[in-house]
Every structure is written in structure tokens, then in C-alpha cells.
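Enquirer: final_29.tsv is reproduced below (TSV, C-alpha atoms and all ligand atoms).
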chain	number	residue	atom	x	y	z
P	387	MET	CA	2.41	43.43	-43.88
P	388	ARG	CA	4.63	45.94	-42.03
P	389	LEU	CA	3.47	49.48	-41.24
P	390	LEU	CA	6.00	51.94	-39.84
P	391	LEU	CA	4.82	55.14	-38.17
P	392	LYS	CA	7.66	57.64	-37.84
P	393	ASN	CA	7.91	60.51	-35.44
P	394	VAL	CA	5.07	60.06	-32.94
P	395	ARG	CA	4.47	60.71	-29.26
P	396	VAL	CA	2.90	57.55	-27.84
P	397	TRP	CA	0.18	57.44	-25.17
P	398	ASP	CA	-0.51	53.82	-24.22
P	399	GLY	CA	-4.11	54.09	-22.96
P	400	LEU	CA	-3.07	53.84	-19.30
P	401	ALA	CA	-0.34	56.25	-18.18
P	402	ASP	CA	-0.66	59.86	-17.01
P	403	ASP	CA	1.49	61.11	-19.88
P	404	TYR	CA	3.19	60.02	-23.09
P	405	VAL	CA	5.24	56.85	-22.60
P	406	ALA	CA	7.53	57.06	-25.63
P	407	GLU	CA	8.65	59.27	-28.50
P	408	GLY	CA	9.90	57.98	-31.82
P	409	ASP	CA	8.50	55.29	-34.11
P	410	VAL	CA	5.98	52.46	-33.94
P	411	LEU	CA	6.28	49.35	-36.10
P	412	CYS	CA	3.21	47.20	-36.74
P	413	VAL	CA	3.60	43.70	-38.16
P	414	ASP	CA	0.65	41.65	-39.39
P	415	GLY	CA	-1.89	43.78	-37.56
P	416	ARG	CA	-0.15	43.94	-34.20
P	417	ILE	CA	2.29	46.32	-32.54
P	418	ALA	CA	5.79	44.90	-32.81
P	419	GLU	CA	8.18	47.69	-31.76
P	420	ILE	CA	7.94	51.05	-30.03
P	421	GLY	CA	10.76	53.62	-29.84
P	422	ARG	CA	13.70	53.71	-32.21
P	423	VAL	CA	12.92	51.33	-35.10
P	424	SER	CA	15.62	50.54	-37.63
P	425	ALA	CA	13.77	47.78	-39.52
P	426	GLY	CA	12.16	48.47	-42.89
P	427	ALA	CA	8.45	48.32	-43.73
P	428	ASP	CA	6.01	47.99	-46.64
P	429	VAL	CA	4.32	51.28	-45.76
P	430	THR	CA	6.04	54.16	-43.92
P	431	LEU	CA	4.18	57.25	-42.75
P	432	ASP	CA	5.71	60.31	-41.10
P	433	LEU	CA	3.27	61.52	-38.44
P	434	ALA	CA	5.29	64.70	-37.78
P	435	GLY	CA	5.31	64.58	-33.97
P	436	ARG	CA	1.58	63.97	-33.59
P	437	ALA	CA	0.09	62.25	-30.53
P	438	LEU	CA	-0.54	58.54	-31.19
P	439	LEU	CA	-3.29	56.95	-29.08
P	440	PRO	CA	-4.97	53.54	-29.01
P	441	GLY	CA	-8.02	53.45	-31.31
P	442	PHE	CA	-11.18	54.41	-29.41
P	443	ILE	CA	-13.83	51.93	-28.28
P	444	ASP	CA	-17.48	53.03	-28.24
P	445	ALA	CA	-19.11	50.64	-25.77
P	446	HIS	CA	-22.67	51.68	-26.61
P	447	PHE	CA	-23.33	51.80	-30.34
P	448	HIS	CA	-26.26	50.71	-32.53
P	449	ALA	CA	-25.20	49.90	-36.08
P	450	TYR	CA	-28.81	49.33	-37.16
P	451	ALA	CA	-30.17	52.51	-35.54
P	452	ALA	CA	-30.81	54.31	-38.81
P	453	ASP	CA	-33.58	56.58	-37.48
P	454	VAL	CA	-34.30	58.58	-34.29
P	455	ASP	CA	-37.84	57.14	-34.36
P	456	VAL	CA	-37.14	53.61	-33.14
P	457	PRO	CA	-40.72	52.23	-33.53
P	458	ARG	CA	-40.59	53.39	-37.19
P	459	LEU	CA	-37.18	51.82	-37.67
P	460	GLU	CA	-38.53	48.54	-36.33
P	461	THR	CA	-40.88	48.35	-39.34
P	462	LEU	CA	-38.00	48.33	-41.84
P	463	PRO	CA	-36.26	45.17	-43.12
P	464	LEU	CA	-32.74	44.31	-41.98
P	465	THR	CA	-31.57	44.11	-45.59
P	466	TYR	CA	-32.32	47.85	-45.81
P	467	LEU	CA	-30.88	48.69	-42.40
P	468	ALA	CA	-27.65	46.86	-43.22
P	469	HIS	CA	-26.84	49.53	-45.82
P	470	HIS	CA	-27.32	52.23	-43.20
P	471	ALA	CA	-25.15	50.18	-40.86
P	472	ALA	CA	-22.33	50.19	-43.41
P	473	ASN	CA	-22.45	54.00	-43.54
P	474	LEU	CA	-22.72	54.44	-39.77
P	475	LEU	CA	-19.85	52.04	-39.13
P	476	ARG	CA	-17.59	53.65	-41.74
P	477	GLY	CA	-18.28	57.03	-40.13
P	478	ALA	CA	-17.39	55.72	-36.68
P	479	LEU	CA	-14.13	54.20	-37.90
P	480	ARG	CA	-13.08	57.42	-39.62
P	481	ARG	CA	-13.77	59.29	-36.36
P	482	GLY	CA	-11.23	57.04	-34.67
P	483	PHE	CA	-13.50	54.36	-33.17
P	484	THR	CA	-11.74	51.16	-34.17
P	485	THR	CA	-14.04	49.02	-31.98
P	486	VAL	CA	-17.73	49.31	-31.17
P	487	ARG	CA	-19.83	47.27	-28.78
P	488	ASP	CA	-23.28	47.03	-30.31
P	489	ALA	CA	-25.96	47.37	-27.62
P	490	GLY	CA	-28.83	45.82	-29.59
P	491	GLY	CA	-29.41	44.94	-33.23
P	492	ALA	CA	-26.08	44.03	-34.82
P	493	ASP	CA	-25.92	40.34	-35.60
P	494	TRP	CA	-23.81	37.54	-36.98
P	495	GLY	CA	-24.32	38.60	-40.62
P	496	LEU	CA	-23.09	42.15	-40.07
P	497	TRP	CA	-20.18	40.95	-37.93
P	498	ARG	CA	-19.23	38.32	-40.55
P	499	ALA	CA	-19.31	40.92	-43.32
P	500	VAL	CA	-16.94	43.16	-41.33
P	501	GLU	CA	-14.61	40.25	-40.51
P	502	ASP	CA	-14.54	39.31	-44.21
P	503	GLY	CA	-13.58	42.87	-45.15
P	504	LEU	CA	-16.77	43.55	-47.15
P	505	LEU	CA	-17.12	46.96	-45.52
P	506	GLN	CA	-14.83	49.44	-43.81
P	507	ALA	CA	-15.91	49.22	-40.17
P	508	PRO	CA	-14.73	48.99	-36.58
P	509	ARG	CA	-14.46	45.62	-34.86
P	510	ILE	CA	-17.93	44.72	-33.59
P	511	PHE	CA	-18.83	43.09	-30.30
P	512	TYR	CA	-22.53	42.43	-30.78
P	513	ALA	CA	-25.34	41.64	-28.35
P	514	GLY	CA	-27.81	40.50	-31.01
P	515	ARG	CA	-31.43	41.45	-30.30
P	516	ALA	CA	-31.69	42.92	-26.80
P	517	LEU	CA	-34.05	41.13	-24.41
P	518	SER	CA	-37.14	42.98	-23.19
P	519	GLN	CA	-40.23	42.04	-21.24
P	520	THR	CA	-43.67	42.69	-22.74
P	521	GLY	CA	-44.35	46.41	-22.36
P	522	GLY	CA	-40.67	47.04	-21.67
P	523	HIS	CA	-38.13	49.27	-23.41
P	524	GLY	CA	-37.64	46.79	-26.26
P	525	ASP	CA	-41.37	46.47	-26.98
P	526	SER	CA	-41.87	48.98	-29.78
P	527	ARG	CA	-45.60	48.29	-30.30
P	528	ALA	CA	-47.92	51.28	-29.97
P	529	PRO	CA	-50.48	51.15	-27.14
P	530	HIS	CA	-53.39	50.52	-29.54
P	531	VAL	CA	-51.81	47.34	-30.96
P	532	GLU	CA	-53.64	44.20	-29.81
P	533	PRO	CA	-51.57	41.23	-28.61
P	534	CYS	CA	-51.03	38.88	-31.53
P	535	GLY	CA	-50.45	35.70	-29.53
P	536	HIS	CA	-46.86	35.10	-30.52
P	537	ARG	CA	-43.57	36.53	-29.34
P	538	HIS	CA	-42.66	40.01	-30.64
P	539	VAL	CA	-39.28	39.88	-32.36
P	540	ALA	CA	-38.06	43.18	-33.82
P	541	ASN	CA	-34.76	44.36	-35.35
P	542	LEU	CA	-33.06	45.75	-32.27
P	543	SER	CA	-34.88	43.75	-29.61
P	544	GLN	CA	-36.99	40.70	-28.80
P	545	VAL	CA	-39.70	40.25	-26.20
P	546	CYS	CA	-39.67	37.36	-23.74
P	547	ASP	CA	-41.48	36.84	-20.45
P	548	GLY	CA	-40.73	34.37	-17.68
P	549	VAL	CA	-37.60	32.48	-16.73
P	550	ASP	CA	-37.98	29.73	-19.34
P	551	ALA	CA	-38.67	32.15	-22.19
P	552	ILE	CA	-35.82	34.49	-21.33
P	553	ARG	CA	-33.47	31.53	-20.94
P	554	LEU	CA	-34.42	30.26	-24.39
P	555	ALA	CA	-34.02	33.73	-25.93
P	556	ALA	CA	-30.61	34.09	-24.25
P	557	ARG	CA	-29.49	30.68	-25.49
P	558	GLU	CA	-30.64	31.40	-29.05
P	559	THR	CA	-28.90	34.78	-29.03
P	560	LEU	CA	-25.68	33.21	-27.76
P	561	ARG	CA	-26.00	30.42	-30.32
P	562	GLN	CA	-26.07	33.16	-32.95
P	563	GLY	CA	-22.68	34.28	-31.74
P	564	ALA	CA	-23.50	37.22	-29.47
P	565	HIS	CA	-20.39	38.43	-27.66
P	566	GLN	CA	-22.48	39.58	-24.66
P	567	LEU	CA	-26.19	39.78	-23.84
P	568	LYS	CA	-28.21	42.98	-23.43
P	569	ILE	CA	-31.35	43.38	-21.32
P	570	PHE	CA	-33.63	46.30	-20.44
P	571	VAL	CA	-34.36	46.68	-16.72
P	572	SER	CA	-35.96	50.12	-16.71
P	573	GLY	CA	-38.09	52.26	-18.99
P	574	GLY	CA	-36.39	54.15	-21.79
P	575	VAL	CA	-36.69	57.20	-24.00
P	576	SER	CA	-37.32	55.68	-27.43
P	577	SER	CA	-40.09	53.20	-26.50
P	578	PRO	CA	-43.78	54.15	-26.56
P	579	THR	CA	-45.41	52.66	-23.44
P	580	ASP	CA	-42.96	52.32	-20.52
P	581	PRO	CA	-42.30	55.14	-18.02
P	582	ILE	CA	-38.63	55.77	-17.18
P	583	TRP	CA	-39.19	54.77	-13.52
P	584	MET	CA	-40.61	51.34	-14.41
P	585	ARG	CA	-38.56	48.37	-13.18
P	586	GLN	CA	-38.40	45.64	-15.83
P	587	PHE	CA	-37.85	41.88	-15.55
P	588	THR	CA	-37.97	40.03	-12.23
P	589	ALA	CA	-34.89	39.08	-10.21
P	590	GLU	CA	-35.34	35.47	-11.37
P	591	GLU	CA	-35.43	36.53	-15.03
P	592	VAL	CA	-32.28	38.66	-14.67
P	593	ARG	CA	-30.47	35.84	-12.89
P	594	ALA	CA	-31.43	33.39	-15.65
P	595	VAL	CA	-29.87	35.62	-18.34
P	596	VAL	CA	-26.75	36.18	-16.25
P	597	GLU	CA	-26.42	32.43	-15.74
P	598	GLU	CA	-26.76	31.72	-19.48
P	599	ALA	CA	-24.15	34.39	-20.29
P	600	ALA	CA	-21.76	32.98	-17.68
P	601	SER	CA	-22.10	29.49	-19.15
P	602	ARG	CA	-20.61	30.96	-22.35
P	603	ARG	CA	-17.99	32.85	-20.30
P	604	THR	CA	-19.51	36.21	-21.10
P	605	TYR	CA	-21.59	38.82	-19.31
P	606	VAL	CA	-24.77	40.91	-19.38
P	607	MET	CA	-25.17	44.61	-20.13
P	608	ALA	CA	-28.35	46.29	-18.88
P	609	HIS	CA	-30.11	49.45	-19.93
P	610	ALA	CA	-30.99	51.07	-16.57
P	611	TYR	CA	-31.78	54.66	-15.53
P	612	THR	CA	-33.00	54.67	-11.94
P	613	ALA	CA	-31.00	53.76	-8.83
P	614	ASP	CA	-33.66	51.09	-8.17
P	615	ALA	CA	-33.22	49.48	-11.61
P	616	ILE	CA	-29.41	49.67	-11.35
P	617	THR	CA	-29.51	47.98	-7.94
P	618	HIS	CA	-31.91	45.34	-9.29
P	619	ALA	CA	-29.55	44.58	-12.19
P	620	VAL	CA	-26.25	44.58	-10.29
P	621	ARG	CA	-27.56	42.56	-7.34
P	622	ASN	CA	-28.60	39.88	-9.81
P	623	GLY	CA	-25.26	39.72	-11.60
P	624	VAL	CA	-25.28	42.35	-14.39
P	625	ARG	CA	-21.77	43.64	-15.14
P	626	SER	CA	-22.35	46.65	-17.40
P	627	ILE	CA	-24.85	49.41	-16.57
P	628	GLU	CA	-25.85	51.42	-19.64
P	629	HIS	CA	-26.76	55.13	-19.24
P	630	GLY	CA	-27.30	55.06	-15.44
P	631	ASN	CA	-28.39	58.71	-15.39
P	632	LEU	CA	-30.39	58.49	-12.15
P	633	LEU	CA	-27.65	56.70	-10.18
P	634	ASN	CA	-27.35	57.47	-6.44
P	635	ALA	CA	-24.54	56.90	-3.92
P	636	ASN	CA	-25.94	53.61	-2.57
P	637	ALA	CA	-26.31	52.06	-6.01
P	638	ALA	CA	-22.83	53.31	-6.95
P	639	THR	CA	-21.33	51.69	-3.83
P	640	LEU	CA	-23.00	48.41	-4.78
P	641	MET	CA	-21.63	48.71	-8.33
P	642	ALA	CA	-18.09	49.36	-7.09
P	643	GLY	CA	-18.29	46.42	-4.68
P	644	ARG	CA	-19.44	44.05	-7.43
P	645	GLY	CA	-16.97	45.33	-10.02
P	646	ALA	CA	-19.75	46.58	-12.32
P	647	PHE	CA	-19.00	49.22	-14.97
P	648	LEU	CA	-20.98	52.35	-15.78
P	649	VAL	CA	-21.25	53.24	-19.47
P	650	PRO	CA	-22.58	56.80	-19.72
P	651	THR	CA	-24.01	57.96	-23.05
P	652	LEU	CA	-24.23	61.76	-22.79
P	653	ALA	CA	-23.93	62.42	-26.52
P	654	THR	CA	-27.31	60.96	-27.40
P	655	TYR	CA	-29.27	63.10	-24.88
P	656	ASP	CA	-27.48	66.22	-25.96
P	657	ALA	CA	-28.07	65.52	-29.66
P	658	LEU	CA	-31.71	64.43	-29.22
P	659	ALA	CA	-32.51	67.53	-27.15
P	660	ARG	CA	-31.08	69.71	-29.91
P	661	ASP	CA	-32.18	67.93	-33.08
P	662	GLY	CA	-34.67	65.21	-32.02
P	663	GLU	CA	-37.87	67.07	-32.82
P	664	ARG	CA	-36.64	68.19	-36.23
P	665	LEU	CA	-35.58	64.62	-37.09
P	666	GLY	CA	-38.90	63.07	-36.03
P	667	LEU	CA	-38.40	61.96	-32.41
P	668	PRO	CA	-41.98	61.19	-31.22
P	669	ALA	CA	-43.55	63.48	-28.58
P	670	VAL	CA	-43.73	60.72	-25.95
P	671	SER	CA	-39.97	60.26	-26.28
P	672	ARG	CA	-39.25	63.98	-26.06
P	673	GLU	CA	-41.11	64.08	-22.72
P	674	LYS	CA	-39.17	61.12	-21.36
P	675	LEU	CA	-35.89	62.62	-22.59
P	676	ALA	CA	-36.44	65.60	-20.29
P	677	GLU	CA	-36.53	63.26	-17.25
P	678	VAL	CA	-33.01	61.94	-17.78
P	679	ALA	CA	-31.11	64.30	-20.09
P	680	SER	CA	-29.72	66.71	-17.49
P	681	GLN	CA	-28.54	64.10	-14.98
P	682	GLY	CA	-25.96	62.12	-16.90
P	683	LEU	CA	-23.01	64.23	-15.75
P	684	ALA	CA	-23.99	64.02	-12.08
P	685	ALA	CA	-24.18	60.22	-12.37
P	686	ILE	CA	-20.59	60.11	-13.60
P	687	SER	CA	-19.30	62.07	-10.59
P	688	ILE	CA	-21.32	59.88	-8.19
P	689	ALA	CA	-19.83	56.80	-9.86
P	690	ARG	CA	-16.28	58.20	-9.78
P	691	ARG	CA	-16.61	59.12	-6.10
P	692	ALA	CA	-17.68	55.55	-5.25
P	693	GLY	CA	-14.80	54.05	-7.26
P	694	VAL	CA	-16.94	52.62	-10.07
P	695	LYS	CA	-15.13	51.92	-13.34
P	696	VAL	CA	-16.51	54.36	-15.89
P	697	GLY	CA	-16.48	53.36	-19.56
P	698	PHE	CA	-17.41	55.37	-22.65
P	699	GLY	CA	-20.47	55.09	-24.91
P	700	THR	CA	-22.65	57.28	-27.14
P	701	ASP	CA	-25.94	55.46	-28.04
P	702	LEU	CA	-26.56	57.75	-31.03
P	703	LEU	CA	-29.44	57.29	-33.48
P	704	GLY	CA	-29.61	57.98	-37.22
P	705	PRO	CA	-27.89	61.15	-38.49
P	706	LEU	CA	-26.96	62.01	-34.89
P	707	HIS	CA	-24.03	59.58	-35.17
P	708	ASP	CA	-22.11	62.61	-36.47
P	709	TRP	CA	-21.93	63.73	-32.81
P	710	GLN	CA	-19.97	60.68	-31.64
P	711	LEU	CA	-16.79	62.56	-30.72
P	712	HIS	CA	-18.89	65.14	-28.86
P	713	GLU	CA	-19.06	62.65	-25.95
P	714	PHE	CA	-15.50	63.75	-25.11
P	715	SER	CA	-16.49	67.45	-24.94
P	716	LEU	CA	-19.59	66.80	-22.83
P	717	ARG	CA	-17.67	64.82	-20.25
P	718	THR	CA	-15.02	67.53	-19.71
P	719	ALA	CA	-17.59	69.36	-17.56
P	720	GLY	CA	-16.75	66.85	-14.81
P	721	GLU	CA	-13.64	64.91	-15.79
P	722	ARG	CA	-10.03	65.42	-16.88
P	723	PRO	CA	-9.34	64.69	-20.56
P	724	ILE	CA	-6.88	61.92	-19.67
P	725	ASP	CA	-9.55	60.10	-17.62
P	726	ILE	CA	-12.08	60.35	-20.47
P	727	LEU	CA	-9.44	58.94	-22.82
P	728	ARG	CA	-8.80	56.04	-20.43
P	729	SER	CA	-12.56	55.35	-20.40
P	730	ALA	CA	-12.60	55.18	-24.21
P	731	THR	CA	-9.53	52.93	-24.42
P	732	SER	CA	-8.19	50.75	-21.59
P	733	VAL	CA	-11.32	50.81	-19.37
P	734	ASN	CA	-13.62	49.86	-22.25
P	735	ALA	CA	-11.15	47.13	-23.27
P	736	GLU	CA	-11.37	45.68	-19.77
P	737	LEU	CA	-15.17	45.87	-19.99
P	738	LEU	CA	-14.97	43.82	-23.21
P	739	HIS	CA	-12.59	41.32	-21.55
P	740	ARG	CA	-9.95	42.40	-24.08
P	741	SER	CA	-7.30	44.06	-21.88
P	742	GLY	CA	-3.84	43.73	-23.42
P	743	ASP	CA	-5.36	43.29	-26.88
P	744	LEU	CA	-7.47	46.41	-27.48
P	745	GLY	CA	-7.40	49.96	-26.12
P	746	LEU	CA	-3.65	49.77	-25.57
P	747	ILE	CA	-0.40	50.61	-27.34
P	748	ALA	CA	2.07	47.97	-26.23
P	749	HIS	CA	4.01	45.13	-27.75
P	750	GLY	CA	1.59	42.48	-29.06
P	751	ALA	CA	-1.57	44.62	-28.88
P	752	ARG	CA	-3.72	45.11	-32.00
P	753	ALA	CA	-2.47	47.88	-34.26
P	754	ASP	CA	-5.67	49.92	-33.78
P	755	LEU	CA	-4.28	53.44	-33.70
P	756	VAL	CA	-5.32	57.08	-33.98
P	757	ALA	CA	-3.24	60.24	-34.20
P	758	PHE	CA	-4.26	63.81	-33.47
P	759	ASP	CA	-2.79	67.26	-33.91
P	760	GLY	CA	-2.33	69.31	-30.75
P	761	GLU	CA	-2.45	68.03	-27.18
P	762	PRO	CA	-5.33	65.53	-26.82
P	763	LEU	CA	-4.20	64.37	-23.35
P	764	SER	CA	-4.97	67.77	-21.86
P	765	ASP	CA	-7.31	69.41	-24.39
P	766	VAL	CA	-10.22	67.48	-25.92
P	767	THR	CA	-10.74	70.07	-28.62
P	768	ALA	CA	-7.66	68.48	-30.21
P	769	ILE	CA	-9.90	65.39	-30.62
P	770	THR	CA	-13.24	66.99	-31.43
P	771	ALA	CA	-12.32	69.95	-33.61
P	772	ARG	CA	-11.15	68.10	-36.71
P	773	GLY	CA	-11.18	64.44	-35.77
P	774	PRO	CA	-8.15	62.19	-36.18
P	775	ALA	CA	-5.38	63.01	-38.67
P	776	PHE	CA	-4.60	59.31	-38.89
P	777	VAL	CA	-6.52	56.07	-38.22
P	778	ALA	CA	-5.39	52.47	-38.58
P	779	LYS	CA	-7.32	49.32	-37.74
P	780	GLY	CA	-5.35	46.10	-37.39
P	781	GLY	CA	-2.42	47.78	-39.15
P	782	GLU	CA	-4.56	48.80	-42.14
P	783	VAL	CA	-4.42	52.54	-42.80
P	784	ILE	CA	-7.97	54.02	-42.88
P	785	VAL	CA	-7.23	57.76	-42.63
P	786	ARG	CA	-3.92	59.12	-43.95
P	787	PRO	CA	-2.30	62.31	-42.64
P	788	ASP	CA	-2.11	65.13	-45.19
M	801	ZN	ZN	-30.81	52.10	-23.56
M	802	ZN	ZN	-28.80	51.88	-26.71
Starting from the file, give its structure as C-alpha cells.
Ligand code: ZN
Ligand code: ZN

Expert:
Amino acid sequence: MRLLLKNVRVWDGLADDYVAEGDVLCVDGRIAEIGRVSAGADVTLDLAGRALLPGFIDAHFHAYAADVDVPRLETLPLTYLAHHAANLLRGALRRGFTTVRDAGGADWGLWRAVEDGLLQAPRIFYAGRALSQTGGHGDSRAPHVEPCGHRHVANLSQVCDGVDAIRLAARETLRQGAHQLKIFVSGGVSSPTDPIWMRQFTAEEVRAVVEEAASRRTYVMAHAYTADAITHAVRNGVRSIEHGNLLNANAATLMAGRGAFLVPTLATYDALARDGERLGLPAVSREKLAEVASQGLAAISIARRAGVKVGFGTDLLGPLHDWQLHEFSLRTAGERPIDILRSATSVNAELLHRSGDLGLIAHGARADLVAFDGEPLSDVTAITARGPAFVAKGGEVIVRPD
């Protein structure tokens, strides 16, 4: 299958400006030629001088997060949630996200269905059920619920305590094909009983998960808000810090030194603050939201100043997924558009250990491509106002220009 895109300006995911003008030929799902292409193709599209960018990667997505009330969502069966996932994934792909890293929930079955072409969806890198301690961010039980004597396993997360238990949970999750593991090392907004400042899991527990991930040549992502929790995670081998809103300079220096990434998720705080109450976000979560919501932007500048690699995520819940592209707008308060675009393409690809394959327009890379009207490299409203005029995933055209 040969797809020829005529008349584009190409940004490769890395450079300060466009790297080529002309045509891009994709053969069997990969980029084969850039520039002046004389060969023929099965499908030819004239993109009329639009900017062609690598497809975006959302490094913090939850395909099964069908509701803003996570404890309520944890009572629903996965067979039901999978239908929501199909809708949420299709929406993400049409917004230009050709890859998502699922931060808790998505599993082998959903991934297999996408790989088999049963639904229109981005590529998924899934963490399976995120690992939580009892009473941690992944423990969705209300405070009045009595302990039942066996391990709490929910849709998005699973509870395990102690080095042996967390090791077993990590091994089972990796056996089920997880691309990376996810743990919670501080309190969070959507859970009912853990304060944001709470540190979760011991150093020994974190090290056990990191060791299990490394034995499969992968890594650990950790939900962490406070500087203390971030330090706790990174010191014990975590590579990807999720949210990180309460980061300070010392923790950022440690992250930079260890090569850890920060994945901010501003879109979810913005959307929950605006629409959370109306959509049923519980009161306890609305209170916790106020503790972290305003500090996400400051964390990004602290991270940038220390030289931390900053990725791109959204962490949206339920109908709020519609705000996925809004992450670009929110970040312009502190960053240049080109740097935000690098976060969403080449930096996230490096985070996924897929540099050269994803988040890049170059010979041999996947033909995951988006095109926009206007000047997206200098003006994010070109991205957010109408969304992409063209989307392809693996050389398959998803959105056609009119
Ligand atoms: Zn989180
Ligand atoms: Zn999340």
C-alpha cells in the first residue's frame, strides 16, 4: 500500500523549523521518501501546502476512564467499559493522537483488538492495572468498607502490599503483556481516602517493581505530586513521573541527573475545575483538586530550568476527553509552541523507547502523520481551533482534508 501526500511543509518532530517542502511517500505503513517524489501511489492526496507533523503521542491516557467518578467507574464491568474505550480512542485518533500510553486500565484484550483492526484507535502502550498500596491512590474503596480479606483488584488498579506481593503483581502484569508498569507513590485527586501529601509504597517496594520491569527491559511510571514523593520514586529507579505538580528545584535536579521524564497533565485539572462538579466529581476529589490544580505550570518551568525532559500527557476522564488538544493551549503560558510539539512527538517517543520509529518524520519511521492549517510551529491555535485537517496512522488515512 502506497500513500502519496503532495504539497506539504514537513516538520520532523525535532528541528526548530520545517525541514522539507514537497511530497511524502509512505509505503506499507512507513515513510519511504521525503521531498520531490516521482513514483506513483495507490492513494494520492494534495495537502495544499499544509504543515505536516508526526502524529501526536499522549503519554498519559486512560482508555477505560469512562466517568469522572473513578470509584463509581470501578463498579462497572470491563465488557461495558470496553465500548467506552472504543469511543474515547477513536476520538483521540481523530484529534491527531496516533499513539497513547495508557496509565492504568488498558489491557491485552483492548490492545489486541486495536492491533487486529477491530476498532479505529491509536497505538496503545498499556500499563495494565496500576499498582497501589492499601489505602493508596488505586484503592477506590470508600472509608466505611470493611476489609474483605483478599486482595482488591479493580479495573484501573490493583492493590498489593509488601515486597513479595508487589513483585508478584508486577510479574503477573508483565506476563499479561504490559509495555511498562505504573505505580502510585503519592495521594491523588480521584481516590477517596488518601491525602495528596501521603507518600505511598516503601523504598523496598518501589525497587522491587523497578527490578521486575528492568528484567523485561522496560520501566516504571509513577503517579507523584509532591517533591518528597517524586524524590522517593526517582531515587528508587522510576523513570517517568506523572503529573509532578508540586515539584521543587531539588527534586528536579535529581530527575535530570537520573534521566527521568516529567509528564505533566494540565488538561485534566483545567477540565475538572470547570466541569467536574456538573459531571459528578465527588466532593472529596474537588477539595484535593484545589491543592494541585494551580501548580502544574510552575512545575514545568522548574523542570525545564533543571534540564528535565518534559513529555506530554492529559489524564482526562469521561466526556472531558474532548479537551485533549487543550493541553497545547494551557502549556503556552510557559513554553514555546515548538517545545510543546517536541514534547508531544520526539520526547514522548524517547520516553516510550521508540525514538526513530514514532514521533518522527524521517525515512523508515512509522507513517503516523497529522496536517494542520496555519502555522502550528509558532501558533498553537492552529492545532486547537479546528483540530487536524488530515490524520494517518501507519499509512492508513483516518481524517481526509476537505
Ligand atoms: Zn495519577
Ligand atoms: Zn492517570

Enquirer: At what distance in Å, to one decimal, does atom CA of P:Val678 lie from atom CA of P:Glu590?

Expert: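 Calculated distance between atom CA of P:Glu590 and atom CA of P:Val678 is 27.3 Å.
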
Enquirer: Using only C-alpha atoms and all ligand atoms, can you tell me which of P:Asp765, P:Glu736, P:Asp701, P:Asp656 comes closest to ligand ZN 802 (chain M)?

Expert: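 For ligand ZN 802 (chain M), the nearest of the candidates is P:Asp701.
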
Enquirer: Please tabulate, as a Markdown table, the residues of chain P that come within 7 Å of ligand ZN 801 (chain M), each with its closest pair of atoms and the distance in Å to one decimal, counting only C-alpha atoms and all ligand atoms and ordering rows by chain, then residue number upward.

Expert:
| residue | atom | partner | partner_atom | distance |
| --- | --- | --- | --- | --- |
| P:Gly574 | CA | M:ZN801 | ZN | 6.2 |
| P:His609 | CA | M:ZN801 | ZN | 4.5 |
| P:Glu628 | CA | M:ZN801 | ZN | 6.4 |
| P:His629 | CA | M:ZN801 | ZN | 6.7 |

Enquirer: Let me see if you get this right: every residue at most 10 Å from ligand ZN 802 (chain M), counting all atoms listed in the file, written as JSON, numbers by chain.

Expert: {"P": [445, 446, 447, 448, 451, 488, 489, 490, 491, 516, 542, 568, 570, 574, 575, 576, 608, 609, 628, 629, 651, 654, 699, 700, 701, 702, 703]}

Enquirer: Identify, on the basis of all atoms listed in the file, every residue whose closest approach to P:Pro774 does not exceed 9 Å; exclude the query and any residue fewer than 6 positions from it along the same chain; express the result as a PyMOL selection string.

Expert: chain P and resi 480-482+756-759+768+785+787

Enquirer: Dump as a PyMOL selection string all residues having an atom at most 12 Å from (0.2, 66.9, -37.1), computed in the file's coordinates with only C-alpha atoms.

Expert: chain P and resi 392-395+431-438+756-762+768+772-776+786-788

Enquirer: Between atom CA of P:Tyr450 and atom CA of P:Glu597, what is the spacing in Å?

Expert: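 A separation of 27.4 Å between them.
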
Enquirer: Can you work out which one of P:Ala642, P:Leu462, P:Val429, P:Ile686 has the shortest atom-to-atom distance to P:Gly720, counting all atoms listed in the file?

Expert: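 Closest residue, counting all atoms listed in the file: P:Ile686.
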
Enquirer: Grab the atom CA of P:Ile688 to atom CA of P:Asn631 distance for me, in Å with one decimal place.

Expert: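 Here the two named atoms are 10.2 Å from each other.
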
Enquirer: Can you work out which one of P:Thr767, P:Ser577, P:Gln566, P:Gln519 has the shortest atom-to-atom distance to P:Ala551, counting only C-alpha atoms?

Expert: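 Closest to P:Ala551 of all the choices is P:Gln519.
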
Enquirer: As a PDB file with C-alpha atoms, in the frame of the given file, please: the residues near stretch 464-477 of chain P (cut-off 8 Å, all atoms listed in the file, same-chain neighbours under 3 positions excluded).

Expert:
ATOM      1  CA  ALA P 449     -25.200  49.900 -36.080  1.00  0.00           C
ATOM      2  CA  TYR P 450     -28.810  49.330 -37.160  1.00  0.00           C
ATOM      3  CA  ALA P 451     -30.170  52.510 -35.540  1.00  0.00           C
ATOM      4  CA  ALA P 452     -30.810  54.310 -38.810  1.00  0.00           C
ATOM      5  CA  ARG P 480     -13.080  57.420 -39.620  1.00  0.00           C
ATOM      6  CA  ARG P 481     -13.770  59.290 -36.360  1.00  0.00           C
ATOM      7  CA  LEU P 496     -23.090  42.150 -40.070  1.00  0.00           C
ATOM      8  CA  LEU P 505     -17.120  46.960 -45.520  1.00  0.00           C
ATOM      9  CA  GLN P 506     -14.830  49.440 -43.810  1.00  0.00           C
ATOM     10  CA  ALA P 507     -15.910  49.220 -40.170  1.00  0.00           C
ATOM     11  CA  PRO P 508     -14.730  48.990 -36.580  1.00  0.00           C
ATOM     12  CA  ASN P 541     -34.760  44.360 -35.350  1.00  0.00           C
ATOM     13  CA  HIS P 707     -24.030  59.580 -35.170  1.00  0.00           C
ATOM     14  CA  ASP P 708     -22.110  62.610 -36.470  1.00  0.00           C
TER      15      ASP P 708
END

Enquirer: Hey, what's within 8 Å of P:Leu400 if we count all atoms listed in the file and toss same-chain stuff fewer than 6 positions away? As a PDB file with C-alpha atoms, in the frame of the given file, please?

Expert:
ATOM      1  CA  ARG P 728      -8.800  56.040 -20.430  1.00  0.00           C
ATOM      2  CA  SER P 732      -8.190  50.750 -21.590  1.00  0.00           C
ATOM      3  CA  LEU P 746      -3.650  49.770 -25.570  1.00  0.00           C
TER       4      LEU P 746
END

Enquirer: Write out as a list in words which residues come within 8 Å of P:Arg672 when counting only C-alpha atoms, dropping same-chain ones fewer than 6 positions away.

Expert: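 Those residues are Val575, Ala659, Gly662 and Glu663 of chain P.
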
Enquirer: Report as a ChimeraX atom specification all protein, DNA and RNA residues lying within 9 Å of P:Gly426, evaluated on only C-alpha atoms, omitting residues in the same chain fewer than 4 positions from it.

Expert: /P:388-390,430

Enquirer: Closest to P:Asp414 among P:Leu763, P:Ala753, P:Ile784, P:Ile510, using all atoms listed in the file?

Expert: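 Distance minimum relative to P:Asp414 lands on P:Ala753.
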